[in-house]
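The file protein-v1.txt comes next; it holds compact mmCIF, C-alpha atoms and all ligand atoms.
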# COMPACT_ATOMS: atom_id res chain seq x y z
CA MET A 1 11.10 -11.51 -13.51
CA ILE A 2 10.00 -9.25 -10.64
CA TYR A 3 8.36 -5.87 -11.26
CA ALA A 4 7.36 -3.09 -8.85
CA ASN A 5 3.66 -2.49 -9.50
CA ILE A 6 2.01 0.74 -8.37
CA THR A 7 -0.88 -0.51 -6.23
CA GLY A 8 -1.89 2.61 -4.27
CA TRP A 9 -1.74 6.39 -4.57
CA GLY A 10 -2.68 9.36 -2.43
CA LYS A 11 -2.16 13.08 -2.04
CA CYS A 12 -2.39 15.88 0.50
CA ILE A 13 -3.51 19.29 -0.73
CA PRO A 14 -3.42 21.90 2.06
CA PRO A 15 -6.79 23.71 2.26
CA ALA A 16 -5.47 27.32 2.44
CA LYS A 17 -5.46 28.95 -1.02
CA LEU A 18 -3.30 31.93 -1.89
CA THR A 19 -4.57 33.49 -5.12
CA ASN A 20 -2.67 35.78 -7.49
CA ASP A 21 -4.92 38.63 -6.34
CA ASP A 22 -4.00 37.87 -2.70
CA LEU A 23 -0.31 38.05 -3.63
CA SER A 24 -0.77 41.35 -5.43
CA THR A 25 -1.73 42.90 -2.08
CA VAL A 26 1.72 42.15 -0.60
CA VAL A 27 4.11 42.42 -3.55
CA ASP A 28 4.20 44.38 -6.82
CA THR A 29 2.61 41.84 -9.16
CA ASN A 30 -0.74 41.09 -10.77
CA ASP A 31 -2.95 38.19 -11.83
CA GLU A 32 -2.43 38.84 -15.54
CA TRP A 33 1.40 38.76 -15.36
CA ILE A 34 1.46 35.61 -13.24
CA LYS A 35 -1.05 33.76 -15.43
CA THR A 36 0.55 34.67 -18.74
CA ARG A 37 4.19 34.11 -17.64
CA THR A 38 3.63 30.98 -15.50
CA GLY A 39 0.07 29.60 -15.94
CA ILE A 40 -0.47 29.75 -12.15
CA SER A 41 -3.78 31.07 -10.73
CA GLU A 42 -3.38 30.03 -7.11
CA ARG A 43 -1.21 27.90 -4.83
CA ARG A 44 -1.72 26.20 -1.46
CA VAL A 45 0.05 27.27 1.73
CA SER A 46 0.52 24.68 4.47
CA HIS A 47 0.35 25.48 8.15
CA VAL A 48 1.61 22.00 9.02
CA SER A 49 5.02 20.45 8.47
CA THR A 50 6.34 18.56 5.45
CA ALA A 51 6.23 15.38 7.56
CA GLU A 52 2.52 15.87 8.25
CA LEU A 53 1.73 16.52 4.57
CA ALA A 54 3.75 13.42 3.65
CA THR A 55 2.02 11.30 6.30
CA ILE A 56 -1.46 12.08 4.94
CA ALA A 57 -0.45 11.29 1.34
CA ALA A 58 1.38 8.07 2.41
CA GLN A 59 -1.56 6.89 4.54
CA GLN A 60 -3.97 7.46 1.64
CA ALA A 61 -1.73 5.49 -0.71
CA ILE A 62 -1.43 2.60 1.78
CA ASP A 63 -5.24 2.55 2.30
CA CYS A 64 -5.74 2.63 -1.47
CA ALA A 65 -3.44 -0.42 -1.82
CA GLY A 66 -5.40 -2.22 0.92
CA LEU A 67 -2.28 -2.51 3.10
CA LYS A 68 -1.37 -1.71 6.71
CA GLY A 69 1.64 0.37 7.78
CA ASP A 70 3.49 -2.67 9.08
CA ASP A 71 3.32 -4.35 5.65
CA ILE A 72 5.74 -1.70 4.32
CA ASP A 73 9.50 -2.45 4.02
CA LEU A 74 10.69 1.00 2.93
CA VAL A 75 9.50 4.60 3.37
CA MET A 76 11.34 6.92 0.98
CA LEU A 77 10.55 10.63 1.12
CA ALA A 78 11.57 12.91 -1.73
CA THR A 79 11.87 16.43 -0.36
CA CYS A 80 14.13 19.48 -0.36
CA THR A 81 12.17 21.10 2.46
CA PRO A 82 12.54 18.51 5.24
CA THR A 83 10.94 19.07 8.64
CA THR A 84 14.18 17.91 10.27
CA LEU A 85 17.48 17.05 8.61
CA VAL A 86 18.68 14.79 11.44
CA ALA A 87 16.80 12.62 12.15
CA ASN A 88 15.51 12.41 8.62
CA THR A 89 11.91 13.39 7.89
CA ALA A 90 11.01 9.96 6.46
CA SER A 91 11.49 8.52 9.95
CA LEU A 92 8.63 10.74 11.19
CA VAL A 93 6.42 9.50 8.35
CA GLN A 94 7.41 5.89 9.12
CA LYS A 95 6.37 6.43 12.74
CA ASN A 96 3.11 8.19 11.87
CA ILE A 97 1.92 5.50 9.46
CA GLY A 98 2.95 2.66 11.80
CA ALA A 99 5.47 1.17 9.37
CA THR A 100 7.53 0.07 12.37
CA GLY A 101 9.68 -2.49 10.56
CA ALA A 102 10.41 -0.31 7.53
CA ALA A 103 13.65 1.39 6.51
CA ALA A 104 13.20 5.17 6.24
CA CYS A 105 15.24 7.65 4.25
CA ASP A 106 14.97 11.04 2.56
CA MET A 107 15.88 11.60 -1.07
CA ASN A 108 16.94 15.11 -2.03
CA ALA A 109 17.11 15.75 -5.77
CA ALA A 110 14.89 18.86 -5.50
CA CYS A 111 12.11 18.87 -8.14
CA SER A 112 13.44 15.60 -9.63
CA GLY A 113 13.32 13.87 -6.23
CA PHE A 114 10.16 11.82 -6.72
CA LEU A 115 11.40 10.20 -9.94
CA TYR A 116 14.81 9.56 -8.33
CA ALA A 117 13.02 7.88 -5.39
CA LEU A 118 10.78 5.87 -7.70
CA GLN A 119 13.85 4.57 -9.51
CA ALA A 120 15.72 3.70 -6.30
CA ALA A 121 12.79 1.91 -4.65
CA THR A 122 11.85 0.06 -7.84
CA ALA A 123 15.44 -1.20 -8.11
CA GLN A 124 15.29 -2.53 -4.53
CA ILE A 125 12.04 -4.36 -5.26
CA LYS A 126 13.23 -5.75 -8.60
CA SER A 127 16.41 -7.05 -6.97
CA GLY A 128 14.32 -8.97 -4.42
CA MET A 129 15.75 -7.04 -1.43
CA ILE A 130 12.34 -5.67 -0.40
CA LYS A 131 8.72 -6.35 -1.35
CA LYS A 132 6.67 -3.24 -0.51
CA ALA A 133 7.58 0.44 -0.44
CA VAL A 134 5.82 3.75 -0.04
CA ILE A 135 7.37 6.61 -2.02
CA VAL A 136 6.35 10.14 -1.12
CA GLY A 137 7.08 13.55 -2.65
CA ALA A 138 6.26 16.26 -0.10
CA GLU A 139 7.27 19.91 0.14
CA ARG A 140 6.63 23.02 2.14
CA MET A 141 8.17 25.38 -0.42
CA THR A 142 6.41 28.46 0.93
CA TRP A 143 8.52 28.19 4.09
CA HIS A 144 11.56 29.24 2.01
CA VAL A 145 9.88 31.88 -0.11
CA ASN A 146 10.78 35.50 0.47
CA TRP A 147 7.34 37.10 0.06
CA ALA A 148 8.95 40.44 -0.76
CA LYS A 149 10.61 39.01 -3.91
CA ARG A 150 8.02 38.90 -6.65
CA ASP A 151 9.94 36.67 -9.05
CA SER A 152 9.94 33.69 -6.69
CA ALA A 153 6.98 34.51 -4.42
CA VAL A 154 4.51 33.79 -7.21
CA LEU A 155 5.90 30.41 -8.28
CA PHE A 156 5.77 27.98 -5.38
CA GLY A 157 3.23 26.08 -3.30
CA ASP A 158 2.96 23.26 -0.75
CA GLY A 159 1.60 19.72 -0.98
CA ALA A 160 2.36 16.01 -1.09
CA GLY A 161 1.69 12.91 -3.16
CA ALA A 162 2.58 9.25 -2.66
CA VAL A 163 2.50 5.83 -4.30
CA VAL A 164 2.79 2.29 -2.96
CA LEU A 165 5.01 -0.15 -4.88
CA GLU A 166 4.60 -3.91 -4.53
CA ALA A 167 6.63 -6.79 -5.94
CA SER A 168 4.73 -8.67 -8.63
CA GLU A 169 5.32 -10.89 -11.64
CA GLU A 170 2.87 -8.78 -13.67
CA LYS A 171 4.76 -6.47 -16.04
CA SER A 172 3.91 -2.96 -14.83
CA GLY A 173 5.27 -0.06 -12.77
CA LEU A 174 8.53 1.70 -13.67
CA LEU A 175 9.85 -0.03 -16.80
CA ALA A 176 12.53 2.43 -17.96
CA SER A 177 14.20 5.31 -16.18
CA LYS A 178 17.05 7.78 -16.51
CA THR A 179 18.39 10.21 -13.91
CA GLY A 180 21.22 12.70 -14.13
CA CYS A 181 22.74 15.89 -12.78
CA ASP A 182 24.56 18.75 -14.53
CA THR A 183 26.62 20.39 -11.78
CA SER A 184 28.26 22.94 -14.10
CA ASN A 185 25.25 25.20 -13.49
CA ARG A 186 24.64 24.27 -9.86
CA ASP A 187 24.45 27.90 -8.71
CA ILE A 188 21.61 29.06 -10.96
CA LEU A 189 19.03 27.49 -8.63
CA HIS A 190 19.52 27.10 -4.90
CA ILE A 191 18.31 27.84 -1.38
CA THR A 192 20.70 29.92 0.72
CA ASN A 193 21.32 29.57 4.48
CA PHE A 194 20.00 26.04 4.60
CA GLY A 195 22.25 23.12 5.47
CA THR A 196 25.70 23.28 7.05
CA GLU A 197 27.49 25.19 4.28
CA ILE A 198 26.75 28.55 5.81
CA ASP A 199 29.30 31.37 5.74
CA LYS A 200 30.32 31.43 9.40
CA TYR A 201 31.53 35.05 9.18
CA GLU A 202 28.18 36.26 7.97
CA ALA A 203 26.26 37.20 11.11
CA PRO A 204 23.51 37.27 12.01
CA LEU A 205 22.38 34.38 9.85
CA GLY A 206 19.74 35.59 7.38
CA PRO A 207 16.59 33.68 6.55
CA SER A 208 16.78 30.92 3.97
CA ASN A 209 16.04 32.24 0.52
CA LEU A 210 15.19 30.57 -2.76
CA LEU A 211 17.27 32.08 -5.57
CA PHE A 212 17.28 31.32 -9.30
CA GLU A 213 18.17 32.70 -12.70
CA GLY A 214 14.73 32.24 -14.20
CA ARG A 215 15.49 32.36 -17.91
CA GLU A 216 18.53 30.06 -17.63
CA VAL A 217 16.63 27.50 -15.56
CA PHE A 218 13.71 27.74 -18.01
CA LYS A 219 15.89 26.95 -21.06
CA ARG A 220 17.77 24.13 -19.36
CA ALA A 221 14.54 22.62 -17.99
CA VAL A 222 12.97 22.40 -21.47
CA LYS A 223 16.11 20.87 -23.01
CA GLY A 224 16.84 18.59 -20.05
CA MET A 225 13.33 17.12 -19.75
CA SER A 226 12.85 16.68 -23.51
CA GLU A 227 16.22 14.91 -23.93
CA ALA A 228 15.57 12.72 -20.89
CA CYS A 229 12.22 11.63 -22.38
CA ASP A 230 13.95 10.74 -25.67
CA ASP A 231 16.56 8.66 -23.78
CA VAL A 232 13.89 6.76 -21.86
CA LEU A 233 11.83 6.12 -25.00
CA ASN A 234 14.95 4.61 -26.60
CA GLN A 235 15.62 2.53 -23.50
CA ALA A 236 12.02 1.23 -23.56
CA ASN A 237 12.08 0.78 -27.34
CA LEU A 238 8.95 2.91 -27.69
CA ASN A 239 7.77 5.72 -29.95
CA LEU A 240 6.23 8.77 -28.42
CA ASP A 241 2.91 8.14 -30.13
CA GLU A 242 2.61 4.95 -28.05
CA ILE A 243 2.55 7.06 -24.87
CA ASP A 244 -0.96 7.72 -23.47
CA VAL A 245 -0.14 10.31 -20.81
CA LEU A 246 2.71 12.79 -20.29
CA ILE A 247 3.23 13.97 -16.71
CA PRO A 248 5.84 16.73 -16.70
CA HIS A 249 7.11 18.47 -13.57
CA GLN A 250 4.84 21.46 -13.01
CA ALA A 251 7.21 24.45 -12.78
CA ASN A 252 5.82 26.80 -15.40
CA LEU A 253 3.06 26.22 -17.98
CA ARG A 254 5.32 27.64 -20.70
CA ILE A 255 8.02 25.08 -19.83
CA ILE A 256 5.39 22.32 -20.14
CA GLN A 257 4.15 23.69 -23.47
CA ALA A 258 7.69 23.97 -24.85
CA ILE A 259 8.41 20.32 -23.96
CA GLN A 260 5.07 19.28 -25.43
CA GLN A 261 5.95 21.10 -28.64
CA ARG A 262 9.46 19.60 -28.85
CA LEU A 263 8.07 16.11 -28.33
CA SER A 264 4.93 16.72 -30.48
CA VAL A 265 2.44 15.52 -27.86
CA SER A 266 -1.23 16.50 -28.21
CA ASP A 267 -2.95 18.55 -25.48
CA GLU A 268 -5.28 15.80 -24.27
CA LYS A 269 -2.30 13.59 -23.36
CA VAL A 270 -0.59 16.16 -21.12
CA MET A 271 -1.47 16.37 -17.44
CA VAL A 272 -1.46 19.99 -16.25
CA ASN A 273 -2.52 21.18 -12.79
CA ILE A 274 -0.01 23.98 -12.20
CA GLN A 275 -2.88 26.52 -12.33
CA ASN A 276 -4.11 25.19 -8.94
CA TYR A 277 -0.92 24.48 -7.02
CA GLY A 278 2.10 26.29 -8.51
CA ASN A 279 5.44 24.50 -8.26
CA THR A 280 5.40 22.06 -5.32
CA SER A 281 8.86 20.71 -6.29
CA ALA A 282 9.15 16.95 -5.57
CA ALA A 283 5.38 16.78 -4.97
CA THR A 284 4.23 17.96 -8.41
CA ILE A 285 4.56 14.57 -10.14
CA PRO A 286 2.87 12.34 -7.52
CA ILE A 287 0.04 14.88 -7.11
CA ALA A 288 -0.41 15.07 -10.90
CA LEU A 289 -0.28 11.27 -11.12
CA CYS A 290 -3.08 10.96 -8.51
CA GLU A 291 -5.22 13.56 -10.24
CA ALA A 292 -4.70 11.97 -13.66
CA VAL A 293 -6.05 8.71 -12.18
CA GLU A 294 -8.98 10.53 -10.52
CA GLN A 295 -9.81 12.29 -13.80
CA GLY A 296 -9.70 9.04 -15.80
CA MET A 297 -6.70 10.13 -17.88
CA ILE A 298 -4.73 7.19 -16.51
CA LYS A 299 -6.45 3.82 -16.91
CA PRO A 300 -5.29 0.23 -16.39
CA ASN A 301 -2.35 -0.48 -18.75
CA SER A 302 -1.87 3.22 -19.63
CA LYS A 303 1.64 4.02 -20.81
CA ILE A 304 2.92 7.06 -18.94
CA MET A 305 5.99 9.23 -19.52
CA SER A 306 7.05 11.53 -16.71
CA ALA A 307 9.93 14.02 -16.60
CA ALA A 308 11.39 16.35 -13.99
CA PHE A 309 14.11 18.97 -13.64
CA GLY A 310 15.37 20.84 -10.59
CA ALA A 311 18.18 22.20 -8.45
CA GLY A 312 21.49 20.43 -8.90
CA LEU A 313 20.74 20.73 -11.79
CA THR A 314 19.09 17.33 -11.54
CA TRP A 315 16.89 15.76 -14.16
CA ALA A 316 14.94 12.53 -14.55
CA ALA A 317 12.52 10.78 -16.86
CA SER A 318 10.47 7.65 -16.25
CA TYR A 319 8.36 5.33 -18.34
CA ILE A 320 5.63 3.80 -16.23
CA GLN A 321 3.03 1.24 -17.22
CA TRP A 322 -0.07 1.51 -15.05
N1 LIG B 1 5.03 40.18 -11.38
C1 LIG B 1 5.22 41.16 -12.30
N2 LIG B 1 6.38 41.34 -12.96
C2 LIG B 1 7.37 40.47 -12.71
C3 LIG B 1 7.25 39.42 -11.77
C4 LIG B 1 6.01 39.31 -11.11
N3 LIG B 1 5.77 38.30 -10.20
N4 LIG B 1 8.39 38.72 -11.76
C5 LIG B 1 9.24 39.30 -12.62
N5 LIG B 1 8.61 40.37 -13.20
C6 LIG B 1 9.14 41.29 -14.21
C7 LIG B 1 10.66 41.33 -14.19
O1 LIG B 1 11.11 42.25 -13.23
C8 LIG B 1 10.96 41.79 -15.60
O2 LIG B 1 10.78 43.17 -15.67
P1 LIG B 1 11.79 44.07 -16.56
O3 LIG B 1 11.65 43.57 -17.96
O4 LIG B 1 11.28 45.45 -16.34
O5 LIG B 1 13.14 43.81 -15.98
C9 LIG B 1 9.83 41.14 -16.43
O6 LIG B 1 8.81 40.78 -15.49
C10 LIG B 1 10.24 39.91 -17.20
O7 LIG B 1 11.00 39.08 -16.36
P2 LIG B 1 11.65 37.73 -16.88
O8 LIG B 1 12.45 37.14 -15.78
O9 LIG B 1 12.31 37.95 -18.17
O10 LIG B 1 10.32 36.86 -17.16
P3 LIG B 1 10.22 35.44 -17.75
O11 LIG B 1 9.30 35.45 -18.89
O12 LIG B 1 11.56 34.77 -17.94
O13 LIG B 1 9.47 34.63 -16.57
C11 LIG B 1 9.89 33.17 -14.71
C12 LIG B 1 10.09 34.55 -15.30
C13 LIG B 1 8.42 32.95 -14.48
C14 LIG B 1 10.65 33.13 -13.38
C15 LIG B 1 10.45 32.07 -15.69
O14 LIG B 1 11.71 32.45 -16.17
C16 LIG B 1 10.57 30.70 -15.04
O15 LIG B 1 9.57 30.08 -14.71
N6 LIG B 1 11.82 30.19 -14.86
C17 LIG B 1 12.06 28.98 -14.11
C18 LIG B 1 11.86 29.29 -12.66
C19 LIG B 1 12.54 28.37 -11.68
O16 LIG B 1 13.74 28.37 -11.53
N7 LIG B 1 11.76 27.56 -10.98
C20 LIG B 1 12.19 26.72 -9.91
C21 LIG B 1 12.91 25.55 -10.34
S1 LIG B 1 12.04 24.22 -11.00
C22 LIG B 1 12.12 24.43 -12.64
O17 LIG B 1 11.97 25.46 -13.08
C23 LIG B 1 12.27 23.30 -13.46

Turn the structure described in the file into structure tokens.
Ligand code: ACO
Amino acid sequence: MIYANITGWGKCIPPAKLTNDDLSTVVDTNDEWIKTRTGISERRVSHVSTAELATIAAQQAIDCAGLKGDDIDLVMLATCTPTTLVANTASLVQKNIGATGAAACDMNAACSGFLYALQAATAQIKSGMIKKAVIVGAERMTWHVNWAKRDSAVLFGDGAGAVVLEASEEKSGLLASKTGCDTSNRDILHITNFGTEIDKYEAPLGPSNLLFEGREVFKRAVKGMSEACDDVLNQANLNLDEIDVLIPHQANLRIIQAIQQRLSVSDEKVMVNIQNYGNTSAATIPIALCEAVEQGMIKPNSKIMSAAFGAGLTWAASYIQW
């Protein structure tokens, strides 16, 4: 039996911090509201492209695995804020890391994108089609934020995280996974004026704009991620108390706490870093995964449950053995 072991990890955290107090100088908000409603204290703003953020995270993950770029068979980039749509942004990352023989493709499932990519690349490795892959989640969310709109301006940040997957007979990596999409509520979370479906009679074209119905997304995110975790636990034949670490998508601390409560997971098992970065969409899970390793939360053989929810409305949950 072939598995797709995670042998390297890396992240790129842009250095420029934007604190809640900074934001309160440009829009009608305040530190107390943001912290109590979202758990966010600050977020990072990138002055470089998504491709550059992704390249740094991918290179770190490849170095960590002790590989060279040309060892890699597949570069898959989860993003909903690509640097270029055509050619895809993964091709820039492939070029930058010297993975000259690798396939390169983008995966857009918004905030669920990294877990979708992990599932797709793991399946390719397990089938024997490829041997080594680098999976990246990278976003420049602040590019799409309307800084005059306080509801969304406070929520998002930029960053990237990556893992290397390698074929192995050792039982580890992604062992159970479920992905899905509920399109009946597709419109409650989207970015306007981005992509080819633009109203051609609406001129001049306005800036892209991230729009959402906060309370609806909140409720559906809690339900969607909790149910996806239950499905994956069933698939893996595991009980929740056997899980060592829960890595939820970092969209709002109250969403994380509600999932934690529904699943009855104790605080010390839940990885939370939203206070530092806000919602970096497809990058939240790989960044949190890296930091959980750095902080010693994830150790060899740790059993990890991860869940995500985003525009689409997409959802995903993964059971990973480290
Ligand atoms: N500063 C101060 N006041 C604010 C701000 C702000 N930044 N934003 C909104 N308010 C005000 C509102 O205007 C409203 O005022 P009103 O009662 O006078 O009308 C009040 O605060 C409460 O607003 P609500 O929208 O009810 O606040 P809520 O507790 O629902 O929190 C939030 C809003 C943070 C957006 C929450 O609903 C949320 O996180 N939803 C999900 C967001 C989302 O879609 N994220 C991206 C997708 S990824 C994912 O979520 C899984």

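The spacing separating CA of Val75 in chain A from CA of Ile56 in chain A amounts to 13.4 Å.
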
| query | Any idea what the distance is between CA of Leu155 in chain A and CA of Asn108 in chain A? | reply |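 Atom-to-atom, CA of Leu155 in chain A to CA of Asn108 in chain A, that is 19.9 Å.
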
| request: Take the point (2.3, 0.2, 6.0) in the file's coordinates, draw a sphere of radius 10 Å around it, and report as a list in words every protein, DNA or RNA residue with an atom inside or on it, counting only C-alpha atoms. | output: Ala58, Gln59, Ala61, Ile62, Asp63, Ala65, Gly66, Leu67, Lys68, Gly69, Asp70, Asp71, Ile72, Asp73, Leu74, Val75, Gln94, Asn96, Ile97, Gly98, Ala99, Thr100, Gly101, Ala102, Lys132, Ala133, Val134 and Val164 of chain A

Atoms kept (C-alpha atoms) for selection, written as a PDB file, in the frame of the given file:
ATOM      1  CA  ALA A  58       1.380   8.070   2.410  1.00  0.00           C
ATOM      2  CA  GLN A  59      -1.560   6.890   4.540  1.00  0.00           C
ATOM      3  CA  ALA A  61      -1.730   5.490  -0.710  1.00  0.00           C
ATOM      4  CA  ILE A  62      -1.430   2.600   1.780  1.00  0.00           C
ATOM      5  CA  ASP A  63      -5.240   2.550   2.300  1.00  0.00           C
ATOM      6  CA  ALA A  65      -3.440  -0.420  -1.820  1.00  0.00           C
ATOM      7  CA  GLY A  66      -5.400  -2.220   0.920  1.00  0.00           C
ATOM      8  CA  LEU A  67      -2.280  -2.510   3.100  1.00  0.00           C
ATOM      9  CA  LYS A  68      -1.370  -1.710   6.710  1.00  0.00           C
ATOM     10  CA  GLY A  69       1.640   0.370   7.780  1.00  0.00           C
ATOM     11  CA  ASP A  70       3.490  -2.670   9.080  1.00  0.00           C
ATOM     12  CA  ASP A  71       3.320  -4.350   5.650  1.00  0.00           C
ATOM     13  CA  ILE A  72       5.740  -1.700   4.320  1.00  0.00           C
ATOM     14  CA  ASP A  73       9.500  -2.450   4.020  1.00  0.00           C
ATOM     15  CA  LEU A  74      10.690   1.000   2.930  1.00  0.00           C
ATOM     16  CA  VAL A  75       9.500   4.600   3.370  1.00  0.00           C
ATOM     17  CA  GLN A  94       7.410   5.890   9.120  1.00  0.00           C
ATOM     18  CA  ASN A  96       3.110   8.190  11.870  1.00  0.00           C
ATOM     19  CA  ILE A  97       1.920   5.500   9.460  1.00  0.00           C
ATOM     20  CA  GLY A  98       2.950   2.660  11.800  1.00  0.00           C
ATOM     21  CA  ALA A  99       5.470   1.170   9.370  1.00  0.00           C
ATOM     22  CA  THR A 100       7.530   0.070  12.370  1.00  0.00           C
ATOM     23  CA  GLY A 101       9.680  -2.490  10.560  1.00  0.00           C
ATOM     24  CA  ALA A 102      10.410  -0.310   7.530  1.00  0.00           C
ATOM     25  CA  LYS A 132       6.670  -3.240  -0.510  1.00  0.00           C
ATOM     26  CA  ALA A 133       7.580   0.440  -0.440  1.00  0.00           C
ATOM     27  CA  VAL A 134       5.820   3.750  -0.040  1.00  0.00           C
ATOM     28  CA  VAL A 164       2.790   2.290  -2.960  1.00  0.00           C
TER      29      VAL A 164
END

Sorted by chain and rising residue number, list the residues of range 168-229 of chain A at most 12 Å from range 78-88 of chain A (counting only C-alpha atoms), each with its closest atom pair and distance in Å to one decimal, as CSV.
residue,atom,partner,partner_atom,distance
A:His190,CA,A:Cys80,CA,10.4
A:Ile191,CA,A:Cys80,CA,9.4
A:Phe194,CA,A:Thr81,CA,9.5
A:Gly195,CA,A:Leu85,CA,8.3
A:Thr196,CA,A:Leu85,CA,10.4
A:Ser208,CA,A:Thr81,CA,11.0
A:Asn209,CA,A:Thr81,CA,12.0
A:Leu210,CA,A:Thr81,CA,11.2

Those same residues - C-alpha atoms - I'd like them written as a PDB file, in the coordinates of the input.
ATOM      1  CA  HIS A 190      19.520  27.100  -4.900  1.00  0.00           C
ATOM      2  CA  ILE A 191      18.310  27.840  -1.380  1.00  0.00           C
ATOM      3  CA  PHE A 194      20.000  26.040   4.600  1.00  0.00           C
ATOM      4  CA  GLY A 195      22.250  23.120   5.470  1.00  0.00           C
ATOM      5  CA  THR A 196      25.700  23.280   7.050  1.00  0.00           C
ATOM      6  CA  SER A 208      16.780  30.920   3.970  1.00  0.00           C
ATOM      7  CA  ASN A 209      16.040  32.240   0.520  1.00  0.00           C
ATOM      8  CA  LEU A 210      15.190  30.570  -2.760  1.00  0.00           C
TER       9      LEU A 210
END

| request: Name the residues, by chain letter and number, that sit within 6 Å of ligand LIG 1 (chain B) using all atoms listed in the file, and give them as a list in words. | output: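 Those within range of ligand LIG 1 (chain B) are Thr29, Asn30, Trp33, Ile34, Arg37, Thr38, Arg150, Asp151, Val154, Phe212, Gly214, Arg215, Val217, Phe218, Ala221, Ala251, Asn252, Phe309 and Gly310 of chain A.
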
Filtering to C-alpha atoms, could you give me those residues as a tab-separated table (two decimals), in the frame of the given file?
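part02.tsv, freshly written:
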chain	number	residue	atom	x	y	z
A	29	THR	CA	2.61	41.84	-9.16
A	30	ASN	CA	-0.74	41.09	-10.77
A	33	TRP	CA	1.40	38.76	-15.36
A	34	ILE	CA	1.46	35.61	-13.24
A	37	ARG	CA	4.19	34.11	-17.64
A	38	THR	CA	3.63	30.98	-15.50
A	150	ARG	CA	8.02	38.90	-6.65
A	151	ASP	CA	9.94	36.67	-9.05
A	154	VAL	CA	4.51	33.79	-7.21
A	212	PHE	CA	17.28	31.32	-9.30
A	214	GLY	CA	14.73	32.24	-14.20
A	215	ARG	CA	15.49	32.36	-17.91
A	217	VAL	CA	16.63	27.50	-15.56
A	218	PHE	CA	13.71	27.74	-18.01
A	221	ALA	CA	14.54	22.62	-17.99
A	251	ALA	CA	7.21	24.45	-12.78
A	252	ASN	CA	5.82	26.80	-15.40
A	309	PHE	CA	14.11	18.97	-13.64
A	310	GLY	CA	15.37	20.84	-10.59

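Using only C-alpha atoms for every distance, the candidate list A:Lys269, A:Lys11, A:Lys219, A:His144 yields A:Lys11 as the residue closest to Ile285 in chain A.
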
| field | Point-to-point distance from CA of Asn193 in chain A to CA of Cys181 in chain A, Å rounded to tenths | value | 22.1 Å

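Using only C-alpha atoms, the smallest distance between any of A:Val136, A:Ile125, A:Leu18, A:Ala317 and Ser177 in chain A comes from A:Ala317.
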
| field | Polymer residues at most 7 Å from Arg44 in chain A, all atoms listed in the file, same-chain spacing of 4 or more positions, as a PyMOL selection string | value | chain A and resi 14-18+157-158+277

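Proximity to Ala121 in chain A was assessed for A:Ala109, A:Leu92, A:Met1, A:Leu165 counting only C-alpha atoms; the smallest distance is recorded for A:Leu165.
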
| field | Neighbour residues at most 12 Å from (4.8, 9.7, -10.2) (all atoms listed in the file) as a ChimeraX atom specification | value | /A:6,8-11,78,111-119,134-137,160-165,173-174,177,245-249,271,282-293,298,304-308,316-322

| query | With distances taken over all atoms listed in the file, which of A:Gln124, A:Asn20, A:Asn185, A:Asn239 is nearest to Met76 in chain A? | reply |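 That would be A:Gln124, the residue with the smallest distance to Met76 in chain A.
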
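Nearest-residue note for Arg186 in chain A: choosing from A:Ser266, A:Gln250, A:Asn146, A:Thr314, the minimum distance belongs to A:Thr314, counting all atoms listed in the file.
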